[in-house]
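Coordinates as given in protein-v8.tsv (TSV, C-alpha atoms and all ligand atoms):
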chain	number	residue	atom	x	y	z
V	1434	MET	CA	116.73	129.04	68.73
V	1435	MET	CA	113.86	130.09	71.02
V	1436	LYS	CA	111.09	127.56	71.56
V	1437	LEU	CA	107.56	128.92	71.84
V	1438	TYR	CA	105.01	126.59	73.42
V	1439	TRP	CA	101.61	127.39	71.98
V	1440	ALA	CA	98.14	126.13	71.06
V	1441	PRO	CA	95.79	127.49	68.40
V	1442	ARG	CA	92.88	129.77	69.43
V	1443	THR	CA	94.40	130.65	72.81
V	1444	ARG	CA	96.24	133.54	74.37
V	1445	SER	CA	99.38	132.17	72.68
V	1446	PHE	CA	98.25	134.17	69.63
V	1447	THR	CA	99.90	137.23	71.21
V	1448	THR	CA	103.29	135.58	71.46
V	1449	VAL	CA	103.23	133.93	68.04
V	1450	TRP	CA	102.38	137.34	66.55
V	1451	MET	CA	105.28	138.85	68.55
V	1452	MET	CA	107.77	136.25	67.27
V	1453	GLU	CA	106.50	136.79	63.72
V	1454	GLU	CA	107.04	140.57	64.10
V	1455	THR	CA	110.71	140.04	64.98
V	1456	GLY	CA	111.49	138.20	61.75
V	1457	GLU	CA	113.82	135.95	63.78
V	1458	PRO	CA	113.73	132.15	63.49
V	1459	TYR	CA	111.99	130.30	66.32
V	1460	GLU	CA	110.52	126.88	66.92
V	1461	ARG	CA	106.80	126.54	67.66
V	1462	VAL	CA	106.03	123.62	69.93
V	1463	LEU	CA	102.36	122.66	69.81
V	1464	VAL	CA	100.91	121.84	73.25
V	1465	ASP	CA	97.87	119.61	72.95
V	1466	THR	CA	95.72	121.36	75.56
V	1467	SER	CA	92.68	119.22	74.66
V	1468	ALA	CA	94.67	116.17	75.80
V	1469	GLY	CA	95.93	117.96	78.94
V	1470	ALA	CA	99.58	118.19	77.78
V	1471	GLN	CA	99.85	121.55	79.58
V	1472	LYS	CA	99.56	119.71	82.93
V	1473	ALA	CA	102.29	117.14	82.19
V	1474	PRO	CA	105.26	117.34	84.62
V	1475	GLU	CA	107.75	118.23	81.87
V	1476	TYR	CA	105.57	121.17	80.79
V	1477	LEU	CA	104.90	122.27	84.39
V	1478	ALA	CA	108.68	122.55	84.76
V	1479	ILE	CA	108.52	125.28	82.10
V	1480	ASN	CA	105.27	126.92	83.21
V	1481	PRO	CA	104.11	125.85	86.68
V	1482	MET	CA	100.69	127.41	85.89
V	1483	GLY	CA	100.14	124.68	83.30
V	1484	LYS	CA	98.97	127.13	80.65
V	1485	VAL	CA	100.05	128.29	77.20
V	1486	PRO	CA	102.00	130.23	76.08
V	1487	ALA	CA	105.49	129.61	77.47
V	1488	LEU	CA	108.95	130.33	76.13
V	1489	GLN	CA	112.30	128.59	76.37
V	1490	ASP	CA	115.44	130.45	75.39
V	1491	GLY	CA	118.48	128.29	76.15
V	1492	GLU	CA	118.41	127.79	79.90
V	1493	ALA	CA	115.83	130.52	80.45
V	1494	THR	CA	112.16	129.57	80.69
V	1495	MET	CA	109.21	131.86	81.24
V	1496	ALA	CA	105.47	132.29	80.75
V	1497	GLU	CA	102.82	135.06	80.74
V	1498	ALA	CA	102.15	136.46	77.29
V	1499	ALA	CA	102.95	140.12	78.07
V	1500	ALA	CA	106.20	139.20	79.85
V	1501	ILE	CA	107.22	136.99	76.90
V	1502	CYS	CA	106.60	139.91	74.51
V	1503	ALA	CA	108.71	142.25	76.67
V	1504	TYR	CA	111.51	139.66	76.82
V	1505	VAL	CA	111.50	139.00	73.08
V	1506	ALA	CA	111.49	142.75	72.28
V	1507	ASP	CA	114.57	143.26	74.46
V	1508	ARG	CA	116.28	140.12	73.14
V	1509	TYR	CA	115.99	141.32	69.53
V	1510	PRO	CA	116.57	145.10	69.71
V	1511	GLN	CA	117.22	145.18	65.96
V	1512	ALA	CA	113.49	144.48	65.44
V	1513	LYS	CA	112.77	147.86	67.13
V	1514	LEU	CA	109.72	146.57	68.99
V	1515	ALA	CA	110.59	148.41	72.22
V	1516	PRO	CA	111.92	151.92	72.84
V	1517	PRO	CA	115.51	151.49	74.11
V	1518	LEU	CA	116.47	152.01	77.78
V	1519	GLY	CA	116.71	155.73	78.48
V	1520	ASP	CA	114.20	156.67	75.76
V	1521	PRO	CA	111.36	158.66	77.40
V	1522	ARG	CA	108.80	156.66	75.37
V	1523	ARG	CA	109.81	153.68	77.52
V	1524	ALA	CA	107.50	155.01	80.27
V	1525	LYS	CA	104.31	154.70	78.26
V	1526	TYR	CA	105.59	151.49	76.65
V	1527	LEU	CA	105.86	149.81	80.06
V	1528	TYR	CA	102.58	151.37	81.20
V	1529	TRP	CA	100.64	149.77	78.34
V	1530	LEU	CA	102.46	146.44	78.58
V	1531	PHE	CA	101.36	146.16	82.22
V	1532	PHE	CA	97.94	147.72	81.63
V	1533	ALA	CA	96.93	144.70	79.52
V	1534	PRO	CA	97.27	141.95	82.17
V	1535	SER	CA	96.56	144.27	85.15
V	1536	CYS	CA	93.50	146.13	83.85
V	1537	ILE	CA	92.23	144.87	80.48
V	1538	GLU	CA	92.27	141.16	81.35
V	1539	PRO	CA	90.40	141.49	84.68
V	1540	ALA	CA	87.95	143.94	83.06
V	1541	ILE	CA	87.12	141.33	80.40
V	1542	ILE	CA	86.63	138.66	83.06
V	1543	GLN	CA	84.47	141.07	85.06
V	1544	ILE	CA	82.20	141.59	82.05
V	1545	PHE	CA	82.10	137.83	81.42
V	1546	THR	CA	81.28	136.88	85.04
V	1547	LYS	CA	79.27	140.02	85.95
V	1548	LEU	CA	81.42	140.12	89.07
V	1549	GLU	CA	80.72	143.14	91.31
V	1550	VAL	CA	83.77	144.62	93.05
V	1551	PRO	CA	83.94	148.15	94.54
V	1552	SER	CA	85.94	150.14	91.98
V	1553	SER	CA	88.22	151.62	94.63
V	1554	THR	CA	89.17	148.10	95.73
V	1555	ALA	CA	89.56	146.57	92.26
V	1556	GLY	CA	93.01	147.35	90.84
V	1557	TRP	CA	91.39	147.87	87.45
V	1558	GLY	CA	88.68	150.19	88.75
V	1559	ASP	CA	85.83	148.94	86.61
V	1560	ALA	CA	85.44	147.72	83.06
V	1561	THR	CA	83.95	150.97	81.73
V	1562	GLN	CA	86.82	152.99	83.14
V	1563	VAL	CA	89.41	150.63	81.62
V	1564	PHE	CA	87.86	150.83	78.15
V	1565	ASP	CA	87.33	154.61	78.39
V	1566	VAL	CA	91.05	155.06	79.16
V	1567	LEU	CA	92.03	152.81	76.27
V	1568	ASP	CA	89.56	154.53	73.93
V	1569	LYS	CA	91.13	157.91	74.66
V	1570	ALA	CA	94.66	156.55	74.17
V	1571	LEU	CA	93.74	155.08	70.79
V	1572	GLU	CA	91.91	158.18	69.51
V	1573	LYS	CA	94.95	159.58	67.74
V	1574	GLY	CA	96.96	156.54	66.70
V	1575	PRO	CA	98.09	154.94	64.66
V	1576	TRP	CA	99.71	153.08	67.60
V	1577	LEU	CA	99.76	153.45	71.37
V	1578	LEU	CA	103.09	155.30	71.24
V	1579	GLY	CA	102.11	157.31	68.15
V	1580	ASP	CA	103.91	156.47	64.91
V	1581	THR	CA	106.00	153.65	66.36
V	1582	PHE	CA	104.57	150.13	66.54
V	1583	THR	CA	105.90	148.23	69.60
V	1584	ALA	CA	105.33	145.09	71.66
V	1585	CYS	CA	102.66	146.91	73.68
V	1586	ASP	CA	100.56	147.07	70.50
V	1587	VAL	CA	100.99	143.31	70.05
V	1588	VAL	CA	99.74	142.72	73.60
V	1589	ILE	CA	96.85	145.22	73.56
V	1590	GLY	CA	95.97	144.62	69.90
V	1591	SER	CA	95.62	140.89	70.61
V	1592	SER	CA	93.49	141.48	73.71
V	1593	LEU	CA	91.15	143.82	71.85
V	1594	ASN	CA	90.94	141.54	68.84
V	1595	TYR	CA	89.86	138.66	71.07
V	1596	ALA	CA	87.58	140.62	73.39
V	1597	VAL	CA	85.91	142.91	70.85
V	1598	ARG	CA	86.02	141.11	67.52
V	1599	LEU	CA	86.28	137.38	68.12
V	1600	PHE	CA	84.39	136.86	71.41
V	1601	LYS	CA	82.35	140.09	71.32
V	1602	MET	CA	82.60	140.39	75.11
V	1603	VAL	CA	83.57	144.07	74.98
V	1604	PRO	CA	81.38	146.51	73.00
V	1605	ALA	CA	83.10	147.83	69.87
V	1606	ARG	CA	84.05	151.51	69.69
V	1607	PRO	CA	85.26	153.38	66.57
V	1608	SER	CA	88.79	153.76	67.97
V	1609	PHE	CA	88.97	150.03	68.78
V	1610	ASP	CA	87.76	149.10	65.31
V	1611	ARG	CA	90.30	151.34	63.59
V	1612	TYR	CA	93.10	149.97	65.78
V	1613	ILE	CA	92.19	146.31	65.27
V	1614	ASP	CA	91.92	146.96	61.50
V	1615	ARG	CA	95.45	148.38	61.54
V	1616	CYS	CA	96.71	145.34	63.50
V	1617	GLU	CA	95.01	143.01	61.02
V	1618	GLN	CA	96.79	144.70	58.13
V	1619	ARG	CA	100.20	143.68	59.48
V	1620	PRO	CA	101.69	140.69	57.62
V	1621	ALA	CA	102.89	139.15	60.93
V	1622	PHE	CA	99.33	139.30	62.31
V	1623	GLN	CA	98.01	137.67	59.12
V	1624	ARG	CA	100.59	134.85	59.27
V	1625	THR	CA	99.61	134.23	62.91
V	1626	THR	CA	95.90	134.13	62.09
V	1627	ALA	CA	96.59	131.61	59.33
V	1628	LEU	CA	98.48	129.41	61.80
V	1629	ALA	CA	95.94	129.69	64.60
V	1630	ASN	CA	93.07	128.81	62.31
V	1631	GLY	CA	94.97	126.14	60.40
V	1701	LIG	N1	98.02	134.84	82.18
V	1701	LIG	C1	98.33	133.89	81.14
V	1701	LIG	C2	97.05	133.21	80.70
V	1701	LIG	C3	97.32	131.97	79.90
V	1701	LIG	C4	96.03	131.18	79.70
V	1701	LIG	O1	95.01	131.44	80.33
V	1701	LIG	N2	96.08	130.19	78.81
V	1701	LIG	C5	94.92	129.33	78.58
V	1701	LIG	C6	94.52	129.36	77.11
V	1701	LIG	S1	93.98	130.97	76.62
V	1701	LIG	C7	95.30	127.88	78.89
V	1701	LIG	O2	96.42	127.47	78.69
V	1701	LIG	N3	94.31	127.11	79.35
V	1701	LIG	C8	94.47	125.70	79.54
V	1701	LIG	C9	94.41	125.30	81.00
V	1701	LIG	O3	94.39	126.16	81.88
V	1701	LIG	O4	94.38	124.10	81.23
V	1701	LIG	C10	99.00	134.64	79.96
V	1701	LIG	O5	98.68	135.82	79.73
V	1701	LIG	O6	99.84	134.05	79.26
Written form, structure tokens:
Amino acid sequence: MMKLYWAPRTRSFTTVWMMEETGEPYERVLVDTSAGAQKAPEYLAINPMGKVPALQDGEATMAEAAAICAYVADRYPQAKLAPPLGDPRRAKYLYWLFFAPSCIEPAIIQIFTKLEVPSSTAGWGDATQVFDVLDKALEKGPWLLGDTFTACDVVIGSSLNYAVRLFKMVPARPSFDRYIDRCEQRPAFQRTTALANG
């Protein structure tokens, strides 16, 4: 059974939600980040960054929330959380999976720190551009790939929920609100919220 290392009210939300979407059994291992358990040598052997989340699947270990979601989607194809190899929708699926850590995450940090970087140098351009692109992609819906919900919605839905709704770092937009509402309606999202707040 996969082991998911997590802590409440952290970026591990994304990966708990992902596991809950699969319907597969998994073990949640609570990492006491307030006591520094994420920096213990045995945890650093799993994630040398000393952060949650991390995943152990037999001999395989990995970290980074978006990568974990991609791995889990491929590991449980029956859950249909990723377009299969060869499906043309795979292009946009990978685009959005990578867009989250490459563009959305730095854009949020840029807003938070008021960091000024020339937009041609910053890989994410600038925060306004990132959220304009996302806004346009979410106009139609219901999901990033249209009618099919996939792991890229788990990753981007979580980011937007944190940045727009919980921490209010990114200004709300109608398309973001509609999308987050749809994410919130999913039973797996609701089970995850109950765990993270419990
Ligand atoms: N890039 C990582 C970020 C993980 C991360 O920043 N985790 C934070 C909690 S949200 C953490 O573990 N902080 C504790 C620490 O750094 O000591 C991912 O996407 O999984």
Around ligand LIG 1701 (chain V), out to 12 Å and counting all atoms listed in the file, which residues are there? I want them as a compact mmCIF listing (two decimals) with C-alpha atoms, in the coordinates of the input.
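Output (selection-v4.txt):
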# COMPACT_ATOMS: atom_id res chain seq x y z
CA LEU V 1437 107.56 128.92 71.84
CA TYR V 1438 105.01 126.59 73.42
CA TRP V 1439 101.61 127.39 71.98
CA ALA V 1440 98.14 126.13 71.06
CA PRO V 1441 95.79 127.49 68.40
CA ARG V 1442 92.88 129.77 69.43
CA THR V 1443 94.40 130.65 72.81
CA ARG V 1444 96.24 133.54 74.37
CA SER V 1445 99.38 132.17 72.68
CA PHE V 1446 98.25 134.17 69.63
CA THR V 1447 99.90 137.23 71.21
CA THR V 1448 103.29 135.58 71.46
CA VAL V 1449 103.23 133.93 68.04
CA LEU V 1463 102.36 122.66 69.81
CA VAL V 1464 100.91 121.84 73.25
CA ASP V 1465 97.87 119.61 72.95
CA THR V 1466 95.72 121.36 75.56
CA SER V 1467 92.68 119.22 74.66
CA ALA V 1468 94.67 116.17 75.80
CA GLY V 1469 95.93 117.96 78.94
CA ALA V 1470 99.58 118.19 77.78
CA GLN V 1471 99.85 121.55 79.58
CA LYS V 1472 99.56 119.71 82.93
CA ALA V 1473 102.29 117.14 82.19
CA TYR V 1476 105.57 121.17 80.79
CA LEU V 1477 104.90 122.27 84.39
CA ASN V 1480 105.27 126.92 83.21
CA PRO V 1481 104.11 125.85 86.68
CA MET V 1482 100.69 127.41 85.89
CA GLY V 1483 100.14 124.68 83.30
CA LYS V 1484 98.97 127.13 80.65
CA VAL V 1485 100.05 128.29 77.20
CA PRO V 1486 102.00 130.23 76.08
CA ALA V 1487 105.49 129.61 77.47
CA LEU V 1488 108.95 130.33 76.13
CA MET V 1495 109.21 131.86 81.24
CA ALA V 1496 105.47 132.29 80.75
CA GLU V 1497 102.82 135.06 80.74
CA ALA V 1498 102.15 136.46 77.29
CA ALA V 1499 102.95 140.12 78.07
CA ALA V 1500 106.20 139.20 79.85
CA ILE V 1501 107.22 136.99 76.90
CA CYS V 1502 106.60 139.91 74.51
CA LEU V 1530 102.46 146.44 78.58
CA PHE V 1531 101.36 146.16 82.22
CA ALA V 1533 96.93 144.70 79.52
CA PRO V 1534 97.27 141.95 82.17
CA SER V 1535 96.56 144.27 85.15
CA ILE V 1537 92.23 144.87 80.48
CA GLU V 1538 92.27 141.16 81.35
CA PRO V 1539 90.40 141.49 84.68
CA ILE V 1542 86.63 138.66 83.06
CA VAL V 1588 99.74 142.72 73.60
CA ILE V 1589 96.85 145.22 73.56
CA SER V 1591 95.62 140.89 70.61
CA SER V 1592 93.49 141.48 73.71
CA TYR V 1595 89.86 138.66 71.07
| task | Could you give me, as a list in words, the residues within 12 Å of V:Phe1582, counting only C-alpha atoms and dropping anything in the same chain fewer than 2 positions from it? | result |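 What passes the distance filter is Met1451, Glu1454, Thr1455, Ala1506, Ala1512, Lys1513, Leu1514, Ala1515, Pro1516, Arg1522, Tyr1526, Gly1574, Pro1575, Trp1576, Leu1577, Leu1578, Gly1579, Asp1580, Ala1584, Cys1585, Asp1586, Val1587, Val1588, Ile1589, Gly1590, Tyr1612, Arg1615, Cys1616 and Arg1619 of chain V.
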| request: Find the residues with any atom within 12 Å of (83.2, 151.0, 82.1); use all atoms listed in the file and the coordinates as given in the file, and write the answer as a ChimeraX atom specification. | output: /V:1536-1537,1540-1541,1543-1544,1552,1557-1568,1603-1604
| request: Could you tell me which of V:Ala1570, V:Leu1548, V:Met1435, V:Ala1555 comes closest to V:Val1505 if we count only C-alpha atoms? | output: V:Met1435
| message | Would you compute the distance between atom CA of V:Glu1549 and atom CA of V:Arg1598? Give it in Å to one decimal. | response | 24.5 Å
As AutoDock Vina command-line options, what would the box around stretch 1533-1543 of chain V look like: edges along x, y and z, 6 Å added on every side, centre and edge lengths in Å to one decimal?
--center_x 90.9 --center_y 142.4 --center_z 82.3 --size_x 24.8 --size_y 19.5 --size_z 17.6
| said: Here is a test: counting only C-alpha atoms, which residue of V:Asp1610, V:Lys1436, V:Ala1478, V:Thr1546 is nearest to V:Glu1572? | reply: V:Asp1610
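In this model, the gap between atom CA of V:Glu1453 and atom CA of V:Leu1527 comes to 20.9 Å.
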| query | So how far away is atom CA of V:Trp1529 from atom CA of V:Pro1551, in Å? | reply |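 Taking atom CA of V:Pro1551 and atom CA of V:Trp1529, their separation equals 23.3 Å.
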